[in-house]
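**Q** So that we are looking at the same thing, I have put the structure below in structure tokens.
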Amino acid sequence: MAPVEHFEVIDSVEDGSEMQVVIVRIWCEGQQKLIEPKMFNELYSHWNEIKSEVDNMTLPPEAMKNLLENERISKVSNPVKTSYGLGRVVLSQKRLFLLMEAHPYCKEIARFRDIEEVEFCLPVSIFPLKILALKIKVRDKKEPFVANLKSERDLWKVIIREMCAGKFLADRHKDPQYIQQALSNIQLINAVAKCSFHQRPMTVASKLAYLDQTAGQEPPALPRMTSDALKHTLHLTDSNSTPYAVDVLLYVPGNLDPCESADTHPKLWCGLSDGRVMMYNAATWIMEQVPIQAGHSKLVSNPYPQIVCQEWGCWYAKCHRDVIMLDVTLLTTSRFQGRH
């Protein structure tokens with residue numbers, strides 16, 4: 001077999017191990033449609049490296065106490081001079097803040113919904129001449145925040161604007177998935193910015209800020225991600241098995257924010273006509289447990305079954321006074337008879 005000389009440019013790459021879809025749109029000079037394997041391997045290597053860093057990113061214990069509830073760190077700058085003093089600019093899914101260098105104290109810069117403008121400036125009074133810094137104008141604050149991010153300046157401008165766009169779209173469509181999309185885009189932007197396959201990697205990386213480019217456009221009838229979710233199909237049986245009807249569905253509300261713990265996500269319980277019960281994470285649409293065999297016939301024998309759900313499982317009352325307890329932790333069922 002001849003060696004592979006190029007990969008065709010594709011729109012998305014699916015990481016099957018985590019069921020994530022990463023947008024990989026690369027614009028090269030002359031709208032090049034082929035990517036050399038070495039180029040793709042470099043990009044994929046940087047992306048995996050950054051993803052691992054984000055998953056394991058922490059702050060000093062004293063600073064962790066200043067984080068908001070369920071706040072997760074996505075990026076930390078090198079130590080830089082700012083209008084608030086010397087420190088590291090930190091980006092989370094909720095805000096920007098400065099981790100002060102002198103002591104582990106977090107000073108909030110802004111929530112993303114309050115950022116009005118991100119631009120370059122030449123602050124003569126703070127930094128030496130001819131050094132462009134990054135200026136962030138914040139709603140209801142008289143003075144802007146200014147940081148001399150040096151070689152990271154262009155990258156931080158792109159990712160801050162992308163997070164602001166994600167928050168704007170999440171608020172407009174009441175859909176927190178836009179925040180997760182912005183975070184995914186930022187990881188890819190960081191990966192492309194590290195690559196050496198282009199003379200100006202930030203020129204390529206900035207084109208991956210998809211939400212920032214589309215936030216100002218007229219919204220469609222339905223957001224694309226919402227439309228995709230509505231079209232999502234759950235295949236409750238594989239192609240080799242007998243198809244079974246869904247006799248009962250139970251949706252348990254929860255937190256749709258992908259950054260929150262999976263334990264808080266909404267759940268969808270599906271009772272099949274062969275007596276099996278399946279539980280799906282309704283935020284990711286991944287089956288969280290293997291099916292539980294609650295019986296050998298349909299679960300619904302009356303039109304109004306009584307169902308109560310807990311974190312560990314579900315109580316199900318049938319019309320002939322049987323009560324079935326489904327334990328998703330132990331993957332067991334227990335049946336109780338008699339009057340209840």
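For the structure tokens, the naming scheme is as follows: chains receive sequential letters (A, B, ...) according to their order of presentation, residues are indexed from 1 within each chain, and ligands are indexed from 1 in presentation order.
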May I have the residues within 10 Å of His103 of chain A as a PyMOL selection string, using only C-alpha atoms and disregarding those fewer than 3 positions away in the same chain?
**A** chain A and resi 62-63+87+99-100+106
**Q** Excluding Gly85 of chain A and its own-chain neighbours fewer than 2 positions away, which residues fall within 9 Å of it when counting only C-alpha atoms? Please give them as a list in words.
**A** Val80, Lys81, Thr82, Ser83, Gly87, Leu98, Met100 and Glu101 of chain A
**Q** Tell me which protein, DNA and RNA residues are within 7 Å of Leu272 of chain A, counting only C-alpha atoms, leaving out same-chain ones fewer than 5 positions away, and put them as a list of chain:residue names.
**A**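 The filter keeps A:Tyr244, A:Ala245, A:Val246, A:Asp247, A:Val277, A:Lys298.
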**Q** Taking only C-alpha atoms into account, which of A:Pro253, A:Pro266, A:Pro104, A:Gly216 comes nearest Pro60 of chain A?
**A**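 With only C-alpha atoms as the atom set, the closest residue is A:Pro104.
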